[in-house]
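Novice: Quick one: structure below, then a few questions.
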Amino acid sequence: MERLEAFEKMLKDIVEKTESEKEKMNEMKAQGKEKTATYKQYAANRLMYSRILMIYKEYGLI
């Protein structure tokens with residue numbers, strides 16, 4: 001049961017981080033800060049999160 005709870009918590013965190021960083025990226029883009037290191041890190045994180053979620057979908061976990 002602990003393993004399932006850990007998975008559910010991780011999934012929730014990934015989805016929340018994806019949305020939060022998307023909002024931050026939109027704000028930064030509106031300010032013309034697309035070339036900053038922070039913006040690029042958010043973009044890299046989003047790619048990683050997207051890949052993780054895609055794997056979950058492939059295995060029928062979400």
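Ordering of the structure tokens sets the chain letters (A, B, ...); residue numbers start at 1 within each chain; ligands are numbered from 1 in the order shown.
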Got a sec: who's within 9 Å of region 36-53 of chain A, counting only C-alpha atoms, leaving out chain neighbours fewer than 2 positions off, as a list of chain:residue names?

Specialist: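 Near neighbours after the sequence-gap exclusion: A:Leu11, A:Ile14, A:Val15, A:Lys17, A:Thr18, A:Glu21, A:Lys22, A:Lys24, A:Met25, A:Met28, A:Lys29, A:Lys33, A:Glu34, A:Ile55, A:Tyr56, A:Lys57, A:Glu58, A:Ile62.
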
Novice: Looking only at helix (DSSP H, G or I) from DSSP on the backbone, list the matching residues of region 11-62 of chain A as a PDB file with N, CA and C atoms, in the first residue's frame.

Specialist:
```
ATOM      1  N   LEU A  11       2.742  11.430  -8.615  1.00  0.00           N
ATOM      2  CA  LEU A  11       1.939  11.837  -9.766  1.00  0.00           C
ATOM      3  C   LEU A  11       1.298  13.196  -9.516  1.00  0.00           C
ATOM      4  N   LYS A  12       0.725  13.378  -8.341  1.00  0.00           N
ATOM      5  CA  LYS A  12       0.099  14.652  -7.985  1.00  0.00           C
ATOM      6  C   LYS A  12       1.130  15.776  -8.019  1.00  0.00           C
ATOM      7  N   ASP A  13       2.308  15.540  -7.458  1.00  0.00           N
ATOM      8  CA  ASP A  13       3.364  16.555  -7.441  1.00  0.00           C
ATOM      9  C   ASP A  13       3.812  16.924  -8.847  1.00  0.00           C
ATOM     10  N   ILE A  14       3.968  15.937  -9.709  1.00  0.00           N
ATOM     11  CA  ILE A  14       4.397  16.201 -11.080  1.00  0.00           C
ATOM     12  C   ILE A  14       3.362  17.041 -11.820  1.00  0.00           C
ATOM     13  N   VAL A  15       2.106  16.690 -11.669  1.00  0.00           N
ATOM     14  CA  VAL A  15       1.043  17.444 -12.341  1.00  0.00           C
ATOM     15  C   VAL A  15       0.998  18.884 -11.811  1.00  0.00           C
ATOM     16  N   GLU A  16       1.124  19.054 -10.498  1.00  0.00           N
ATOM     17  CA  GLU A  16       1.107  20.392  -9.912  1.00  0.00           C
ATOM     18  C   GLU A  16       2.310  21.213 -10.372  1.00  0.00           C
ATOM     19  N   LYS A  17       3.482  20.599 -10.379  1.00  0.00           N
ATOM     20  CA  LYS A  17       4.686  21.308 -10.821  1.00  0.00           C
ATOM     21  C   LYS A  17       4.587  21.689 -12.286  1.00  0.00           C
ATOM     22  N   THR A  18       4.034  20.804 -13.089  1.00  0.00           N
ATOM     23  CA  THR A  18       3.871  21.094 -14.509  1.00  0.00           C
ATOM     24  C   THR A  18       3.012  22.332 -14.697  1.00  0.00           C
ATOM     25  N   GLU A  19       1.898  22.401 -14.009  1.00  0.00           N
ATOM     26  CA  GLU A  19       0.998  23.549 -14.133  1.00  0.00           C
ATOM     27  C   GLU A  19       1.629  24.820 -13.570  1.00  0.00           C
ATOM     28  N   SER A  20       2.267  24.700 -12.427  1.00  0.00           N
ATOM     29  CA  SER A  20       2.886  25.858 -11.783  1.00  0.00           C
ATOM     30  C   SER A  20       3.990  26.445 -12.658  1.00  0.00           C
ATOM     31  N   GLU A  21       4.845  25.587 -13.178  1.00  0.00           N
ATOM     32  CA  GLU A  21       5.947  26.073 -14.001  1.00  0.00           C
ATOM     33  C   GLU A  21       5.450  26.608 -15.346  1.00  0.00           C
ATOM     34  N   LYS A  22       4.355  26.056 -15.835  1.00  0.00           N
ATOM     35  CA  LYS A  22       3.768  26.577 -17.074  1.00  0.00           C
ATOM     36  C   LYS A  22       3.309  28.016 -16.855  1.00  0.00           C
ATOM     37  N   GLU A  23       2.666  28.271 -15.733  1.00  0.00           N
ATOM     38  CA  GLU A  23       2.210  29.622 -15.415  1.00  0.00           C
ATOM     39  C   GLU A  23       3.394  30.582 -15.270  1.00  0.00           C
ATOM     40  N   LYS A  24       4.431  30.131 -14.566  1.00  0.00           N
ATOM     41  CA  LYS A  24       5.618  30.969 -14.390  1.00  0.00           C
ATOM     42  C   LYS A  24       6.271  31.272 -15.737  1.00  0.00           C
ATOM     43  N   MET A  25       6.318  30.279 -16.617  1.00  0.00           N
ATOM     44  CA  MET A  25       6.905  30.486 -17.942  1.00  0.00           C
ATOM     45  C   MET A  25       6.087  31.501 -18.737  1.00  0.00           C
ATOM     46  N   ASN A  26       4.773  31.419 -18.644  1.00  0.00           N
ATOM     47  CA  ASN A  26       3.921  32.384 -19.344  1.00  0.00           C
ATOM     48  C   ASN A  26       4.160  33.807 -18.838  1.00  0.00           C
ATOM     49  N   GLU A  27       4.317  33.947 -17.517  1.00  0.00           N
ATOM     50  CA  GLU A  27       4.601  35.262 -16.945  1.00  0.00           C
ATOM     51  C   GLU A  27       5.948  35.783 -17.439  1.00  0.00           C
ATOM     52  N   MET A  28       6.958  34.904 -17.424  1.00  0.00           N
ATOM     53  CA  MET A  28       8.292  35.305 -17.855  1.00  0.00           C
ATOM     54  C   MET A  28       8.302  35.660 -19.339  1.00  0.00           C
ATOM     55  N   LYS A  29       7.547  34.906 -20.121  1.00  0.00           N
ATOM     56  CA  LYS A  29       7.475  35.181 -21.556  1.00  0.00           C
ATOM     57  C   LYS A  29       6.851  36.556 -21.795  1.00  0.00           C
ATOM     58  N   ALA A  30       5.826  36.876 -21.039  1.00  0.00           N
ATOM     59  CA  ALA A  30       5.173  38.176 -21.175  1.00  0.00           C
ATOM     60  C   ALA A  30       6.128  39.317 -20.821  1.00  0.00           C
ATOM     61  N   ALA A  37      18.187  31.853 -17.636  1.00  0.00           N
ATOM     62  CA  ALA A  37      18.489  30.493 -17.193  1.00  0.00           C
ATOM     63  C   ALA A  37      17.278  29.867 -16.498  1.00  0.00           C
ATOM     64  N   THR A  38      16.558  30.661 -15.746  1.00  0.00           N
ATOM     65  CA  THR A  38      15.379  30.150 -15.042  1.00  0.00           C
ATOM     66  C   THR A  38      14.321  29.670 -16.022  1.00  0.00           C
ATOM     67  N   TYR A  39      14.060  30.459 -17.043  1.00  0.00           N
ATOM     68  CA  TYR A  39      13.079  30.075 -18.051  1.00  0.00           C
ATOM     69  C   TYR A  39      13.504  28.779 -18.736  1.00  0.00           C
ATOM     70  N   LYS A  40      14.769  28.688 -19.079  1.00  0.00           N
ATOM     71  CA  LYS A  40      15.279  27.486 -19.742  1.00  0.00           C
ATOM     72  C   LYS A  40      15.190  26.272 -18.828  1.00  0.00           C
ATOM     73  N   GLN A  41      15.416  26.469 -17.532  1.00  0.00           N
ATOM     74  CA  GLN A  41      15.293  25.359 -16.587  1.00  0.00           C
ATOM     75  C   GLN A  41      13.842  24.902 -16.485  1.00  0.00           C
ATOM     76  N   TYR A  42      12.907  25.847 -16.440  1.00  0.00           N
ATOM     77  CA  TYR A  42      11.493  25.479 -16.429  1.00  0.00           C
ATOM     78  C   TYR A  42      11.134  24.694 -17.696  1.00  0.00           C
ATOM     79  N   ALA A  43      11.652  25.117 -18.828  1.00  0.00           N
ATOM     80  CA  ALA A  43      11.373  24.422 -20.089  1.00  0.00           C
ATOM     81  C   ALA A  43      11.915  22.998 -20.043  1.00  0.00           C
ATOM     82  N   ALA A  44      13.116  22.839 -19.520  1.00  0.00           N
ATOM     83  CA  ALA A  44      13.711  21.502 -19.406  1.00  0.00           C
ATOM     84  C   ALA A  44      12.898  20.631 -18.446  1.00  0.00           C
ATOM     85  N   ASN A  45      12.474  21.210 -17.346  1.00  0.00           N
ATOM     86  CA  ASN A  45      11.649  20.476 -16.381  1.00  0.00           C
ATOM     87  C   ASN A  45      10.351  20.012 -17.026  1.00  0.00           C
ATOM     88  N   ARG A  46       9.737  20.895 -17.803  1.00  0.00           N
ATOM     89  CA  ARG A  46       8.469  20.544 -18.446  1.00  0.00           C
ATOM     90  C   ARG A  46       8.644  19.382 -19.406  1.00  0.00           C
ATOM     91  N   LEU A  47       9.755  19.356 -20.132  1.00  0.00           N
ATOM     92  CA  LEU A  47      10.021  18.226 -21.023  1.00  0.00           C
ATOM     93  C   LEU A  47      10.150  16.928 -20.229  1.00  0.00           C
ATOM     94  N   MET A  48      10.871  17.002 -19.118  1.00  0.00           N
ATOM     95  CA  MET A  48      11.054  15.823 -18.283  1.00  0.00           C
ATOM     96  C   MET A  48       9.707  15.349 -17.712  1.00  0.00           C
ATOM     97  N   TYR A  49       8.928  16.286 -17.188  1.00  0.00           N
ATOM     98  CA  TYR A  49       7.626  15.925 -16.627  1.00  0.00           C
ATOM     99  C   TYR A  49       6.708  15.338 -17.705  1.00  0.00           C
ATOM    100  N   SER A  50       6.733  15.921 -18.890  1.00  0.00           N
ATOM    101  CA  SER A  50       5.902  15.414 -19.987  1.00  0.00           C
ATOM    102  C   SER A  50       6.271  13.984 -20.331  1.00  0.00           C
ATOM    103  N   ARG A  51       7.563  13.711 -20.351  1.00  0.00           N
ATOM    104  CA  ARG A  51       8.024  12.353 -20.668  1.00  0.00           C
ATOM    105  C   ARG A  51       7.587  11.367 -19.591  1.00  0.00           C
ATOM    106  N   ILE A  52       7.704  11.756 -18.340  1.00  0.00           N
ATOM    107  CA  ILE A  52       7.274  10.880 -17.242  1.00  0.00           C
ATOM    108  C   ILE A  52       5.785  10.580 -17.372  1.00  0.00           C
ATOM    109  N   LEU A  53       4.978  11.608 -17.613  1.00  0.00           N
ATOM    110  CA  LEU A  53       3.534  11.410 -17.746  1.00  0.00           C
ATOM    111  C   LEU A  53       3.200  10.547 -18.961  1.00  0.00           C
ATOM    112  N   MET A  54       3.968  10.690 -20.033  1.00  0.00           N
ATOM    113  CA  MET A  54       3.751   9.874 -21.227  1.00  0.00           C
ATOM    114  C   MET A  54       4.026   8.400 -20.927  1.00  0.00           C
ATOM    115  N   ILE A  55       5.061   8.127 -20.170  1.00  0.00           N
ATOM    116  CA  ILE A  55       5.372   6.741 -19.792  1.00  0.00           C
ATOM    117  C   ILE A  55       4.248   6.173 -18.940  1.00  0.00           C
ATOM    118  N   TYR A  56       3.752   6.960 -17.998  1.00  0.00           N
ATOM    119  CA  TYR A  56       2.623   6.501 -17.159  1.00  0.00           C
ATOM    120  C   TYR A  56       1.430   6.146 -18.024  1.00  0.00           C
ATOM    121  N   LYS A  57       1.152   6.975 -19.029  1.00  0.00           N
ATOM    122  CA  LYS A  57       0.020   6.711 -19.914  1.00  0.00           C
ATOM    123  C   LYS A  57       0.244   5.436 -20.733  1.00  0.00           C
ATOM    124  N   GLU A  58       1.467   5.233 -21.193  1.00  0.00           N
ATOM    125  CA  GLU A  58       1.785   4.026 -21.968  1.00  0.00           C
ATOM    126  C   GLU A  58       1.520   2.751 -21.170  1.00  0.00           C
TER     127      GLU A  58
END
```
